[in-house]
$ cat data-v1.pdb   # PDB, C-alpha atoms, pLDDT in the B column
ATOM      1  CA  MET A   1     152.713  95.759  57.242  1.00 40.00           C
ATOM      2  CA  ARG A   2     152.917  91.995  57.176  1.00 37.00           C
ATOM      3  CA  GLU A   3     153.531  91.411  53.481  1.00 40.00           C
ATOM      4  CA  LYS A   4     156.659  92.026  51.439  1.00 36.00           C
ATOM      5  CA  THR A   5     156.426  94.599  48.683  1.00 42.00           C
ATOM      6  CA  MET A   6     157.137  94.041  45.019  1.00 40.00           C
ATOM      7  CA  LYS A   7     159.058  96.420  42.777  1.00 48.00           C
ATOM      8  CA  ASN A   8     156.789  99.078  41.301  1.00 54.00           C
ATOM      9  CA  ARG A   9     155.670  98.245  37.798  1.00 59.00           C
ATOM     10  CA  GLN A  10     154.901 100.430  34.827  1.00 72.00           C
ATOM     11  CA  ILE A  11     151.433 101.930  34.520  1.00 77.00           C
ATOM     12  CA  GLY A  12     150.294 103.733  31.393  1.00 70.00           C
ATOM     13  CA  GLY A  13     153.885 104.344  30.323  1.00 68.00           C
ATOM     14  CA  LEU A  14     154.861 105.758  33.743  1.00 71.00           C
ATOM     15  CA  THR A  15     157.293 104.046  36.083  1.00 75.00           C
ATOM     16  CA  ALA A  16     157.260 106.709  38.805  1.00 87.00           C
ATOM     17  CA  PRO A  17     154.947 109.420  40.182  1.00 93.00           C
ATOM     18  CA  THR A  18     155.006 112.741  38.302  1.00 94.00           C
ATOM     19  CA  LEU A  19     154.217 114.994  41.288  1.00 96.00           C
ATOM     20  CA  ARG A  20     154.276 114.836  45.086  1.00 96.00           C
ATOM     21  CA  LEU A  21     151.752 117.041  46.921  1.00 97.00           C
ATOM     22  CA  LYS A  22     152.295 117.166  50.700  1.00 97.00           C
ATOM     23  CA  GLY A  23     153.418 113.538  50.649  1.00 97.00           C
ATOM     24  CA  VAL A  24     150.697 112.305  48.260  1.00 98.00           C
ATOM     25  CA  ASP A  25     152.187 110.713  45.125  1.00 97.00           C
ATOM     26  CA  LEU A  26     150.404 111.654  41.902  1.00 97.00           C
ATOM     27  CA  TRP A  27     150.669 109.654  38.697  1.00 96.00           C
ATOM     28  CA  GLN A  28     149.297 112.246  36.267  1.00 96.00           C
ATOM     29  CA  GLY A  29     147.992 110.892  32.979  1.00 95.00           C
ATOM     30  CA  ALA A  30     148.597 107.328  34.115  1.00 95.00           C
ATOM     31  CA  LEU A  31     145.656 105.916  32.133  1.00 96.00           C
ATOM     32  CA  ASP A  32     145.107 106.687  28.459  1.00 95.00           C
ATOM     33  CA  LEU A  33     141.641 107.136  26.956  1.00 96.00           C
ATOM     34  CA  ALA A  34     141.288 103.507  25.845  1.00 96.00           C
ATOM     35  CA  GLU A  35     142.156 102.277  29.350  1.00 96.00           C
ATOM     36  CA  GLN A  36     139.693 104.705  30.903  1.00 97.00           C
ATOM     37  CA  GLU A  37     136.889 103.607  28.591  1.00 97.00           C
ATOM     38  CA  ARG A  38     137.570  99.930  29.307  1.00 96.00           C
ATOM     39  CA  LEU A  39     137.528 100.518  33.055  1.00 97.00           C
ATOM     40  CA  LEU A  40     134.412 102.667  32.791  1.00 97.00           C
ATOM     41  CA  GLU A  41     132.489  99.789  31.215  1.00 97.00           C
ATOM     42  CA  ALA A  42     133.527  97.527  34.098  1.00 97.00           C
ATOM     43  CA  LEU A  43     132.300 100.177  36.562  1.00 98.00           C
ATOM     44  CA  ARG A  44     128.946 100.367  34.790  1.00 97.00           C
ATOM     45  CA  GLN A  45     128.500  96.639  35.362  1.00 98.00           C
ATOM     46  CA  ILE A  46     129.283  97.069  39.060  1.00 98.00           C
ATOM     47  CA  VAL A  47     126.748  99.871  39.437  1.00 98.00           C
ATOM     48  CA  ARG A  48     124.076  97.816  37.680  1.00 98.00           C
ATOM     49  CA  ALA A  49     124.516  95.118  40.327  1.00 98.00           C
ATOM     50  CA  ALA A  50     125.045  97.496  43.277  1.00 98.00           C
ATOM     51  CA  PRO A  51     123.336 100.811  42.394  1.00 98.00           C
ATOM     52  CA  LEU A  52     124.678 104.175  43.466  1.00 98.00           C
ATOM     53  CA  ILE A  53     123.148 105.505  46.674  1.00 97.00           C
ATOM     54  CA  GLN A  54     123.215 108.967  48.258  1.00 96.00           C
ATOM     55  CA  PRO A  55     124.562 108.458  51.779  1.00 95.00           C
ATOM     56  CA  VAL A  56     123.711 110.576  54.795  1.00 96.00           C
ATOM     57  CA  THR A  57     126.061 111.518  57.609  1.00 94.00           C
ATOM     58  CA  PRO A  58     125.420 110.324  61.172  1.00 93.00           C
ATOM     59  CA  ARG A  59     123.788 113.752  61.714  1.00 93.00           C
ATOM     60  CA  GLY A  60     121.366 113.074  58.877  1.00 94.00           C
ATOM     61  CA  GLN A  61     122.877 115.429  56.287  1.00 94.00           C
ATOM     62  CA  LYS A  62     122.820 114.173  52.700  1.00 95.00           C
ATOM     63  CA  MET A  63     126.212 113.899  51.024  1.00 96.00           C
ATOM     64  CA  SER A  64     126.496 115.534  47.604  1.00 97.00           C
ATOM     65  CA  VAL A  65     128.256 112.491  46.119  1.00 98.00           C
ATOM     66  CA  ARG A  66     126.619 109.179  45.295  1.00 98.00           C
ATOM     67  CA  MET A  67     128.403 105.932  46.155  1.00 98.00           C
ATOM     68  CA  SER A  68     128.725 102.239  45.452  1.00 98.00           C
ATOM     69  CA  ALA A  69     131.561  99.756  45.926  1.00 98.00           C
ATOM     70  CA  ALA A  70     133.219  96.510  44.878  1.00 98.00           C
ATOM     71  CA  GLY A  71     135.239  93.953  46.792  1.00 98.00           C
ATOM     72  CA  ARG A  72     134.880  92.173  50.135  1.00 98.00           C
ATOM     73  CA  TYR A  73     133.549  95.339  51.730  1.00 98.00           C
ATOM     74  CA  GLY A  74     131.863  98.565  50.824  1.00 98.00           C
ATOM     75  CA  TRP A  75     132.056 101.767  52.849  1.00 97.00           C
ATOM     76  CA  ILE A  76     128.699 103.156  53.906  1.00 95.00           C
ATOM     77  CA  SER A  77     127.408 106.063  55.947  1.00 94.00           C
ATOM     78  CA  ASP A  78     124.016 106.512  57.573  1.00 94.00           C
ATOM     79  CA  ARG A  79     122.473 107.468  60.895  1.00 93.00           C
ATOM     80  CA  ALA A  80     124.268 104.505  62.481  1.00 93.00           C
ATOM     81  CA  GLY A  81     127.684 105.942  61.570  1.00 94.00           C
ATOM     82  CA  TYR A  82     130.583 105.451  59.161  1.00 95.00           C
ATOM     83  CA  ARG A  83     131.600 101.828  58.626  1.00 96.00           C
ATOM     84  CA  TYR A  84     132.450  99.016  56.235  1.00 98.00           C
ATOM     85  CA  ALA A  85     129.756  96.501  55.362  1.00 97.00           C
ATOM     86  CA  GLU A  86     129.882  93.175  53.538  1.00 97.00           C
ATOM     87  CA  ARG A  87     126.705  93.918  51.553  1.00 97.00           C
ATOM     88  CA  HIS A  88     125.097  96.768  49.658  1.00 98.00           C
ATOM     89  CA  PRO A  89     122.233  98.412  51.604  1.00 95.00           C
ATOM     90  CA  SER A  90     119.830  96.529  49.296  1.00 96.00           C
ATOM     91  CA  GLY A  91     121.196  93.249  50.692  1.00 97.00           C
ATOM     92  CA  VAL A  92     123.165  92.107  47.625  1.00 97.00           C
ATOM     93  CA  ASP A  93     126.858  91.212  47.835  1.00 97.00           C
ATOM     94  CA  TRP A  94     129.298  93.769  46.502  1.00 98.00           C
ATOM     95  CA  PRO A  95     130.605  92.744  43.048  1.00 98.00           C
ATOM     96  CA  PRO A  96     134.290  91.744  42.785  1.00 98.00           C
ATOM     97  CA  ILE A  97     136.921  94.377  42.062  1.00 98.00           C
ATOM     98  CA  PRO A  98     137.783  94.283  38.323  1.00 98.00           C
ATOM     99  CA  GLU A  99     141.170  92.789  37.506  1.00 97.00           C
ATOM    100  CA  ASP A 100     142.219  95.911  35.595  1.00 96.00           C
ATOM    101  CA  VAL A 101     141.597  98.002  38.722  1.00 97.00           C
ATOM    102  CA  LEU A 102     143.604  95.570  40.848  1.00 97.00           C
ATOM    103  CA  ALA A 103     146.447  95.817  38.320  1.00 96.00           C
ATOM    104  CA  ILE A 104     146.629  99.581  38.921  1.00 96.00           C
ATOM    105  CA  TRP A 105     146.804  99.042  42.697  1.00 96.00           C
ATOM    106  CA  HIS A 106     149.658  96.555  42.351  1.00 95.00           C
ATOM    107  CA  ALA A 107     151.523  98.770  39.866  1.00 95.00           C
ATOM    108  CA  VAL A 108     151.516 101.987  41.910  1.00 95.00           C
ATOM    109  CA  THR A 109     151.957 100.421  45.361  1.00 94.00           C
ATOM    110  CA  GLY A 110     154.260  97.508  44.546  1.00 93.00           C
ATOM    111  CA  LEU A 111     152.208  95.394  46.948  1.00 95.00           C
ATOM    112  CA  GLY A 112     151.229  91.768  46.489  1.00 95.00           C
ATOM    113  CA  ARG A 113     148.290  92.052  48.886  1.00 97.00           C
ATOM    114  CA  PRO A 114     145.098  93.200  47.097  1.00 97.00           C
ATOM    115  CA  PRO A 115     142.701  95.796  48.509  1.00 98.00           C
ATOM    116  CA  ASP A 116     139.518  94.732  50.296  1.00 98.00           C
ATOM    117  CA  CYS A 117     137.378  97.625  49.078  1.00 98.00           C
ATOM    118  CA  CYS A 118     137.013  99.682  45.930  1.00 98.00           C
ATOM    119  CA  LEU A 119     134.780 102.599  46.867  1.00 98.00           C
ATOM    120  CA  ILE A 120     133.064 104.293  43.901  1.00 98.00           C
ATOM    121  CA  ASN A 121     132.172 107.969  44.297  1.00 98.00           C
ATOM    122  CA  PHE A 122     130.196 109.829  41.632  1.00 98.00           C
ATOM    123  CA  TYR A 123     130.381 113.628  41.617  1.00 98.00           C
ATOM    124  CA  GLY A 124     127.596 115.328  39.688  1.00 98.00           C
ATOM    125  CA  GLU A 125     127.353 119.059  39.049  1.00 97.00           C
ATOM    126  CA  GLY A 126     127.983 120.947  42.290  1.00 97.00           C
ATOM    127  CA  ALA A 127     129.170 117.889  44.236  1.00 98.00           C
ATOM    128  CA  ARG A 128     132.160 118.108  46.556  1.00 97.00           C
ATOM    129  CA  MET A 129     133.874 116.192  49.351  1.00 97.00           C
ATOM    130  CA  GLY A 130     134.936 118.058  52.479  1.00 95.00           C
ATOM    131  CA  LEU A 131     138.333 117.594  54.105  1.00 97.00           C
ATOM    132  CA  HIS A 132     138.462 114.252  55.895  1.00 96.00           C
ATOM    133  CA  GLN A 133     140.778 111.409  56.895  1.00 97.00           C
ATOM    134  CA  ASP A 134     140.389 107.797  55.759  1.00 97.00           C
ATOM    135  CA  ARG A 135     140.602 106.132  59.152  1.00 95.00           C
ATOM    136  CA  ASP A 136     137.925 103.430  59.327  1.00 96.00           C
ATOM    137  CA  GLU A 137     140.509 100.787  58.398  1.00 98.00           C
ATOM    138  CA  ALA A 138     142.292  98.491  60.869  1.00 97.00           C
ATOM    139  CA  ASP A 139     145.902  99.139  59.796  1.00 97.00           C
ATOM    140  CA  PHE A 140     147.064 102.546  58.543  1.00 98.00           C
ATOM    141  CA  SER A 141     150.361 101.185  57.250  1.00 97.00           C
ATOM    142  CA  TRP A 142     148.572 100.132  54.045  1.00 98.00           C
ATOM    143  CA  PRO A 143     148.218 102.919  51.456  1.00 98.00           C
ATOM    144  CA  VAL A 144     145.048 104.297  49.888  1.00 98.00           C
ATOM    145  CA  VAL A 145     144.923 104.548  46.086  1.00 98.00           C
ATOM    146  CA  SER A 146     142.626 106.964  44.250  1.00 98.00           C
ATOM    147  CA  ILE A 147     141.792 106.799  40.512  1.00 98.00           C
ATOM    148  CA  SER A 148     140.025 109.662  38.684  1.00 98.00           C
ATOM    149  CA  PHE A 149     137.675 109.471  35.697  1.00 98.00           C
ATOM    150  CA  GLY A 150     135.721 112.189  33.925  1.00 98.00           C
ATOM    151  CA  ASP A 151     135.547 115.843  34.912  1.00 98.00           C
ATOM    152  CA  GLU A 152     138.462 117.588  36.590  1.00 98.00           C
ATOM    153  CA  GLY A 153     138.318 117.826  40.386  1.00 98.00           C
ATOM    154  CA  LEU A 154     140.158 120.296  42.619  1.00 98.00           C
ATOM    155  CA  PHE A 155     141.943 117.986  45.071  1.00 98.00           C
ATOM    156  CA  ARG A 156     143.051 119.595  48.344  1.00 98.00           C
ATOM    157  CA  VAL A 157     145.518 118.007  50.777  1.00 98.00           C
ATOM    158  CA  GLY A 158     146.548 119.041  54.277  1.00 97.00           C
ATOM    159  CA  GLY A 159     148.416 117.413  57.116  1.00 96.00           C
ATOM    160  CA  ALA A 160     147.463 114.837  59.721  1.00 95.00           C
ATOM    161  CA  GLN A 161     145.903 117.532  61.916  1.00 94.00           C
ATOM    162  CA  ARG A 162     142.795 119.469  60.965  1.00 92.00           C
ATOM    163  CA  GLY A 163     143.274 123.167  60.324  1.00 89.00           C
ATOM    164  CA  GLY A 164     146.811 123.143  58.937  1.00 89.00           C
ATOM    165  CA  LYS A 165     148.095 124.531  55.662  1.00 95.00           C
ATOM    166  CA  THR A 166     146.726 122.845  52.533  1.00 97.00           C
ATOM    167  CA  GLU A 167     147.795 122.581  48.903  1.00 98.00           C
ATOM    168  CA  SER A 168     145.636 121.872  45.862  1.00 98.00           C
ATOM    169  CA  VAL A 169     145.911 120.437  42.365  1.00 98.00           C
ATOM    170  CA  TRP A 170     143.374 119.752  39.614  1.00 98.00           C
ATOM    171  CA  LEU A 171     143.006 116.000  39.102  1.00 98.00           C
ATOM    172  CA  GLN A 172     142.200 115.013  35.540  1.00 98.00           C
ATOM    173  CA  SER A 173     140.682 111.914  34.027  1.00 98.00           C
ATOM    174  CA  GLY A 174     143.220 109.093  34.153  1.00 97.00           C
ATOM    175  CA  ASP A 175     145.190 110.447  37.117  1.00 97.00           C
ATOM    176  CA  VAL A 176     146.098 108.156  40.028  1.00 97.00           C
ATOM    177  CA  ALA A 177     146.978 109.294  43.567  1.00 98.00           C
ATOM    178  CA  VAL A 178     148.582 107.281  46.378  1.00 98.00           C
ATOM    179  CA  LEU A 179     148.204 108.288  50.033  1.00 98.00           C
ATOM    180  CA  GLY A 180     150.793 106.357  51.988  1.00 98.00           C
ATOM    181  CA  GLY A 181     153.466 106.763  54.627  1.00 97.00           C
ATOM    182  CA  ASP A 182     153.215 110.102  56.416  1.00 95.00           C
ATOM    183  CA  ALA A 183     150.380 111.122  54.053  1.00 97.00           C
ATOM    184  CA  ARG A 184     148.209 108.102  54.853  1.00 98.00           C
ATOM    185  CA  LEU A 185     146.169 110.068  57.393  1.00 98.00           C
ATOM    186  CA  ALA A 186     146.385 113.417  55.634  1.00 98.00           C
ATOM    187  CA  TYR A 187     143.197 115.436  55.531  1.00 98.00           C
ATOM    188  CA  HIS A 188     142.051 115.621  51.925  1.00 98.00           C
ATOM    189  CA  GLY A 189     138.985 116.408  49.862  1.00 98.00           C
ATOM    190  CA  VAL A 190     137.591 117.667  46.563  1.00 98.00           C
ATOM    191  CA  ASP A 191     136.499 121.310  46.690  1.00 98.00           C
ATOM    192  CA  ARG A 192     134.674 121.317  43.373  1.00 98.00           C
ATOM    193  CA  ILE A 193     134.603 119.854  39.882  1.00 98.00           C
ATOM    194  CA  ARG A 194     134.769 121.529  36.504  1.00 98.00           C
ATOM    195  CA  PHE A 195     131.482 120.142  35.233  1.00 98.00           C
ATOM    196  CA  LYS A 196     131.678 118.821  31.657  1.00 97.00           C
ATOM    197  CA  SER A 197     135.398 119.551  31.408  1.00 98.00           C
ATOM    198  CA  SER A 198     135.818 115.958  30.163  1.00 98.00           C
ATOM    199  CA  SER A 199     133.968 114.093  27.425  1.00 96.00           C
ATOM    200  CA  LEU A 200     134.490 110.662  29.029  1.00 98.00           C
ATOM    201  CA  LEU A 201     131.054 110.708  30.683  1.00 97.00           C
ATOM    202  CA  PRO A 202     128.489 111.902  28.093  1.00 94.00           C
ATOM    203  CA  GLU A 203     126.307 113.636  30.709  1.00 96.00           C
ATOM    204  CA  GLY A 204     129.239 115.024  32.683  1.00 98.00           C
ATOM    205  CA  GLY A 205     130.456 114.266  36.182  1.00 98.00           C
ATOM    206  CA  ARG A 206     133.465 112.768  37.909  1.00 98.00           C
ATOM    207  CA  ILE A 207     134.031 109.212  39.121  1.00 98.00           C
ATOM    208  CA  ASN A 208     136.616 108.497  41.790  1.00 98.00           C
ATOM    209  CA  LEU A 209     137.716 105.010  42.821  1.00 98.00           C
ATOM    210  CA  THR A 210     139.329 104.618  46.233  1.00 98.00           C
ATOM    211  CA  LEU A 211     141.124 101.328  46.924  1.00 98.00           C
ATOM    212  CA  ARG A 212     141.723 100.367  50.550  1.00 98.00           C
ATOM    213  CA  VAL A 213     142.888  97.484  52.718  1.00 98.00           C
ATOM    214  CA  VAL A 214     140.230  97.184  55.419  1.00 98.00           C
ATOM    215  CA  ASP A 215     141.226  94.322  57.757  1.00 94.00           C
TER     216      ASP A 215
END

$ encode --input "data-v1.pdb" --output "structure tokens"
Amino acid sequence: MREKTMKNRQIGGLTAPTLRLKGVDLWQGALDLAEQERLLEALRQIVRAAPLIQPVTPRGQKMSVRMSAAGRYGWISDRAGYRYAERHPSGVDWPPIPEDVLAIWHAVTGLGRPPDCCLINFYGEGARMGLHQDRDEADFSWPVVSISFGDEGLFRVGGAQRGGKTESVWLQSGDVAVLGGDARLAYHGVDRIRFKSSSLLPEGGRINLTLRVVD
């Protein structure tokens, strides 16, 4: 990592993670309702400019989540493979990452370097995300930060090798997770959501933001 770190700052009244799950630091209840609502409005503006799409895997299978992104890059998946792209599939540039989202990244990582990508995943009823590694980035020494909004999601974490023992926790709206260090390449996923367990999204569903350094 080529950039010096800054001292971790307070986020939502928390100055340290509340739980560590197989090396993943969890900041439970980091964002209060007012902060969540403010960030949600910023996300709505992003999705208006770069609409959610339903990606397919390289094998042609439709993912159950819908995606968009903000920042220099967005992560996309289609028949050509998994990769980062500088534009939305429609051809428009990805909108900038909101300053309030960047503030969360800096607070929980202590890093001065901002992320290149803010991936937006929307989980509707029945949506899930299978165990996977985030490994399309150039340098795995940078952490990955995940922010949850809306319905609770059962987050499962394993080790750096597929097939090992896993542990799970229900992520709630306003929780923040940091995958760094030995957990940077941990297999992780969301087994299911408790649909309409939160009132943040009037029609139900879960939104997950994933912040990553790409280059």

$ atom_distance --input "data-v1.pdb" --atom1 "atom CA of A:Glu152" --atom2 "atom CA of A:Gly181"
25.8 Å

$ residues_around --input "data-v1.pdb" --residues "stretch 95-104 of chain A" --least-positions-apart "2" --cutoff "7 Å" --atoms "all atoms listed in the file" --output "list of chain:residue names"
A:Ile11, A:Ala42, A:Ile46, A:Ala70, A:Gly71, A:Asp93, A:His106, A:Ala107, A:Val108, A:Pro114, A:Cys118

$ atom_distance --input "data-v1.pdb" --atom1 "atom CA of A:Asp175" --atom2 "atom CA of A:Asn121"
15.1 Å

$ closest_residue --input "data-v1.pdb" --among "A:Ala177, A:Val214, A:Leu209, A:Val65" --to "A:Pro115" --atoms "only C-alpha atoms"
A:Val214

$ resolve_selection --input "data-v1.pdb" --expression "the PyMOL selection byres ((chain A and resi 63) around 10)" --output "count of residues only"
17

$ atom_distance --input "data-v1.pdb" --atom1 "atom CA of A:Tyr84" --atom2 "atom CA of A:Asp139"
13.9 Å

$ resolve_selection --input "data-v1.pdb" --expression "the PyMOL selection byres ((chain A and resi 83) around 12)" --output "PyMOL selection string"
chain A and resi 55+57-58+73-82+84-87+117+134-138+214

$ closest_residue --input "data-v1.pdb" --among "A:Asn208, A:Gln36, A:Gln172, A:Ser148" --to "A:Ile120" --atoms "all atoms listed in the file"
A:Asn208

$ closest_residue --input "data-v1.pdb" --among "A:Ala16, A:Val144, A:Val213, A:Leu154" --to "A:Ala186" --atoms "all atoms listed in the file"
A:Val144

$ residues_around --input "data-v1.pdb" --residues "A:Gln161" --least-positions-apart "3" --cutoff "9 Å" --atoms "all atoms listed in the file" --output "list in words"
Gly158, Gly164, Leu185, Ala186 and Tyr187 of chain A

$ resolve_selection --input "data-v1.pdb" --expression "the PyMOL selection byres ((chain A and resi 193) around 6)" --output "ChimeraX atom specification"
/A:152-153,192,194-195

$ residues_near_point --input "data-v1.pdb" --point "(138.8, 116.8, 55.5)" --cutoff "6 Å" --atoms "all atoms listed in the file" --output "count of residues only"
7
